[in-house]
Amino acid sequence: MSQSSSEHLKRRIGLGLLTAYGIGVMVGAGIYVLVGAVAGEAGVLAPLAFLLAGVIAAPTALSYAEFSSRLPEAAGEAAYVGQGFNSKNFAVFVGLAVVLAGTVSAGAVLRGGAGYFAAATGLGSEIAIVAMGLALILVAIVGVLESFALVAVFTLIEVLGLALVVWAGFSTSASPDWLAAPLLTEALVTPGVATGIAFGAVLAFFAFIGFEDIVNMAEEVRDPTRVLPKAIVLSLAVTSVIYALVCWAAVRTVSLEALAGSQSPLALVWQQSQGGNARFLSAIAVFAALNGVLAQIVMASRVLYGLGGRTTGLAAFRHAHPRFGTPVRATVMIGVAVLVAAYWLPVARLAEATSTTLLSVFVLVNLALILQKRRQPEAPFQVPMAVPVVGLLLSLLALATAIGGWM
């Protein structure tokens with residue numbers, strides 16, 4: 001299919017900004033809540049559960065990395081599934097599912113972030129949703145480099161906030177639960193401990209969802225076959241370390257019962273160590289929300305842009321602004337849909353369906369790579385066949401757990 005100049009996105013993104021984007025998508029508001037839930041399952045070994053969750057996510061991330069070098073396209077998962085299963089219609093279906101999941105996720109995060117913002121500024125939450133949403137849509141339209149620079153700033157603020165929590169956790173005396181904990185070698189052979197770590201890892205896995213968004217930026221990345229796999233691996237590794245350190249600080253400082261029963265466990269770490277109300281964490285939650293919404297708008301609009309080149313029904317979205325070099329039509333469409341989701345949809349329930357949808361896509365991508373590797377083993381970036389096989393099995397396990405949890 002020939003492309004006019006108006007259809008091309010601008011390649012302006014390098015490894016640093018792309019990795020920051022991946023970290024920013026993953027290091028979202030989830031870590032502020034999940035620490036308590038994981039500690040409730042794994043106890044003082046909850047940091048191991050987060051590291052194990054990173055290991056569980058790694059095979060699927062590596063499958064994405066190989067496919068990104070085979071097919072560096074904006075439609076990401078849609079392109080992968082389409083080629084693996086040799087089905088154009090299946091590709092469009094998967095692409096639309098990813099767009100819907102990203103839109104609903106952004107709507108849920110926008111509503112939550114607007115609540116924090118309204119509480120801090122005194123604005124009504126409805127006004128906050130519109131103001132934040134329109135501002136982020138405008139940034140996404142102006143340029144991908146500008147969007148990624150803002151994402152990088154927001155990510156830095158989030159990471160600095162988590163670093164403060166880690167510092168607070170290690171600058172105070174340890175909790176009785178931590179002091180009474182057995183040695184690691186003893187704990188792992190204690191009945192029920194390994195099971196608790198495994199269940200905690202399944203919960204923590206959901207904090208790693210987001211690495212897949214990286215591949216949808218392929219047509220705006222310089223040297224994508226080299227940069228995309230590196231960014232996926234780096235962002236997953238950095239995020240795993242951040243999560244483990246934050247969780248380590250939390251279980252060291254606060255009693256397990258208090259952590260497991262709290263909706264804001266990281267605030268407990270700060271209060272236990274430094275006193276006060278940890279209000280700055282609420283401010284950081286606003287930046288985390290802004291980051292998540294902007295990242296999802298950018299990602300979903302690129303998928304819609306990519307789908308425009310695969311089906312005539314969406315061809316109107318295969319257009320990039322000649323000055324900004326961004327898919328303006330797709331961005332406006334996604335932005336409006338995010339505002340609608342934040343206002344009128346039962347976002348809490350749909351957010352649960354979003355996780356199920358993304359895990360289903362993980363299953364399909366791993367299976368598609370298995371099929372593609374059997375037909376065409378060579379690729380610029382390759383992983384052993386065992387990687388997508390393990391990724392498929394682990395994704396199925398996580399999907400079954402998620403469906404069981406929603407029922």
# chains A, B, ... in the order shown; residues from 1 in each chain; ligands from 1
call {"tool": "residues_around", "arguments": {"residues": "region 236-247 of chain A", "least_positions_apart": "3", "cutoff": "8 Å", "atoms": "only C-alpha atoms", "output": "PyMOL selection string"}}
result
chain A and resi 22-23+26-27+31+35+46-48+50-51+54+58+61+162-163+165-166+208+211+232-233+250-251
call {"tool": "residues_around", "arguments": {"residues": "region 81-96 of chain A", "least_positions_apart": "2", "cutoff": "9 Å", "atoms": "only C-alpha atoms", "output": "PyMOL selection string"}}
result
chain A and resi 75-79+98-101+303-304+306-307+310-311+361+364-373
call {"tool": "closest_residue", "arguments": {"among": "A:Glu212, A:Glu41, A:Asp177, A:Glu158", "to": "Tyr80 (chain A)", "atoms": "only C-alpha atoms"}}
result
A:Glu212
call {"tool": "select_by_dssp", "arguments": {"residues": "region 85-292 of chain A", "states": "helix (DSSP H, G or I)", "output": "NGL selection string"}}
result
:A and (85 or 88-121 or 125-142 or 144-170 or 176-179 or 184-188 or 193-208 or 211-220 or 224-253 or 256-260 or 265-274 or 279-292)
call {"tool": "residues_around", "arguments": {"residues": "Leu266 (chain A)", "least_positions_apart": "3", "cutoff": "12 Å", "atoms": "only C-alpha atoms", "output": "PyMOL selection string"}}
result
chain A and resi 29-37+39+161-169+243+246-254+258-260+262-263+269-273+277-282+284-285
call {"tool": "residues_around", "arguments": {"residues": "region 141-143 of chain A", "least_positions_apart": "3", "cutoff": "12 Å", "atoms": "only C-alpha atoms", "output": "short mmCIF file (atom, residue, chain, number, x, y, z; two decimals) with C-alpha atoms, in the first residue's frame"}}
result
data_model
loop_
_atom_site.label_atom_id
_atom_site.label_comp_id
_atom_site.auth_asym_id
_atom_site.auth_seq_id
_atom_site.Cartn_x
_atom_site.Cartn_y
_atom_site.Cartn_z
CA LEU A 9 4.46 9.98 11.33
CA LYS A 10 7.74 11.66 12.24
CA ARG A 11 10.57 9.56 13.69
CA ARG A 12 11.66 11.69 16.65
CA ILE A 13 11.93 9.27 19.58
CA LEU A 134 -8.42 18.77 27.09
CA ALA A 135 -4.92 19.81 28.17
CA LEU A 136 -3.58 16.29 27.61
CA ILE A 137 -5.32 15.97 24.23
CA LEU A 138 -3.71 19.25 23.15
CA GLU A 146 6.55 17.07 23.35
CA SER A 147 4.23 14.33 24.67
CA PHE A 148 7.15 12.06 25.51
CA ALA A 149 9.09 14.89 27.14
CA LEU A 150 6.09 15.59 29.39
CA GLU A 220 7.89 7.37 15.51
CA LEU A 294 -1.41 10.92 28.25
CA ILE A 297 -4.12 8.57 24.53
CA VAL A 298 -0.83 8.51 22.61
CA SER A 301 -4.30 6.86 18.77
CA ARG A 302 -1.29 5.15 17.19
CA ALA A 320 -0.71 12.53 10.12
CA HIS A 321 -0.77 16.32 10.45
CA PRO A 322 1.79 17.82 8.04
CA ARG A 323 3.12 20.25 10.68
CA PHE A 324 2.81 18.33 13.94
CA GLY A 325 3.53 14.89 12.50
CA THR A 326 0.91 13.33 14.79
CA PRO A 327 -2.32 11.42 13.98
CA VAL A 328 -4.60 14.33 14.88
CA ARG A 329 -7.87 12.71 13.82
CA ALA A 330 -7.13 9.55 15.78
CA THR A 331 -5.94 11.57 18.78
CA VAL A 332 -9.09 13.71 18.89
CA MET A 333 -11.27 10.61 18.54
CA ILE A 334 -9.50 8.81 21.37
CA GLY A 335 -9.40 11.94 23.54
#
call {"tool": "closest_residue", "arguments": {"among": "A:Leu45, A:Leu290, A:Leu145, A:Ala353", "to": "Met217 (chain A)", "atoms": "only C-alpha atoms"}}
result
A:Leu145
call {"tool": "residues_around", "arguments": {"residues": "Leu15 (chain A)", "least_positions_apart": "3", "cutoff": "6 Å", "atoms": "only C-alpha atoms", "output": "PyMOL selection string"}}
result
chain A and resi 18-19+227
call {"tool": "write_last_selection", "arguments": {"atoms": "all heavy atoms", "output": "PDB file, in the first residue's frame"}}
result
ATOM      1  N   LEU A  18      11.849   6.645  24.963  1.00  0.00           N
ATOM      2  CA  LEU A  18      10.972   5.490  24.830  1.00  0.00           C
ATOM      3  C   LEU A  18      11.004   4.633  26.098  1.00  0.00           C
ATOM      4  O   LEU A  18       9.964   4.137  26.546  1.00  0.00           O
ATOM      5  CB  LEU A  18      11.376   4.654  23.617  1.00  0.00           C
ATOM      6  CG  LEU A  18      10.399   3.540  23.217  1.00  0.00           C
ATOM      7  CD1 LEU A  18       9.034   4.118  22.855  1.00  0.00           C
ATOM      8  CD2 LEU A  18      10.950   2.724  22.050  1.00  0.00           C
ATOM      9  N   THR A  19      12.187   4.481  26.682  1.00  0.00           N
ATOM     10  CA  THR A  19      12.291   3.730  27.938  1.00  0.00           C
ATOM     11  C   THR A  19      11.557   4.459  29.063  1.00  0.00           C
ATOM     12  O   THR A  19      10.853   3.839  29.875  1.00  0.00           O
ATOM     13  CB  THR A  19      13.763   3.523  28.321  1.00  0.00           C
ATOM     14  OG1 THR A  19      14.435   2.836  27.257  1.00  0.00           O
ATOM     15  CG2 THR A  19      13.890   2.711  29.598  1.00  0.00           C
ATOM     16  N   VAL A 227      15.879  -0.284  18.691  1.00  0.00           N
ATOM     17  CA  VAL A 227      15.502   0.477  19.883  1.00  0.00           C
ATOM     18  C   VAL A 227      14.319  -0.142  20.615  1.00  0.00           C
ATOM     19  O   VAL A 227      14.301  -0.193  21.857  1.00  0.00           O
ATOM     20  CB  VAL A 227      15.198   1.946  19.491  1.00  0.00           C
ATOM     21  CG1 VAL A 227      14.556   2.695  20.663  1.00  0.00           C
ATOM     22  CG2 VAL A 227      16.473   2.646  19.054  1.00  0.00           C
TER      23      VAL A 227
END
call {"tool": "atom_distance", "arguments": {"atom1": "CA of Ala398 (chain A)", "atom2": "CA of Tyr305 (chain A)"}}
result
29.7 Å
call {"tool": "atom_distance", "arguments": {"atom1": "CA of Ala65 (chain A)", "atom2": "CA of Leu228 (chain A)"}}
result
6.6 Å
call {"tool": "atom_distance", "arguments": {"atom1": "CA of Gly200 (chain A)", "atom2": "CA of Ala49 (chain A)"}}
result
5.5 Å
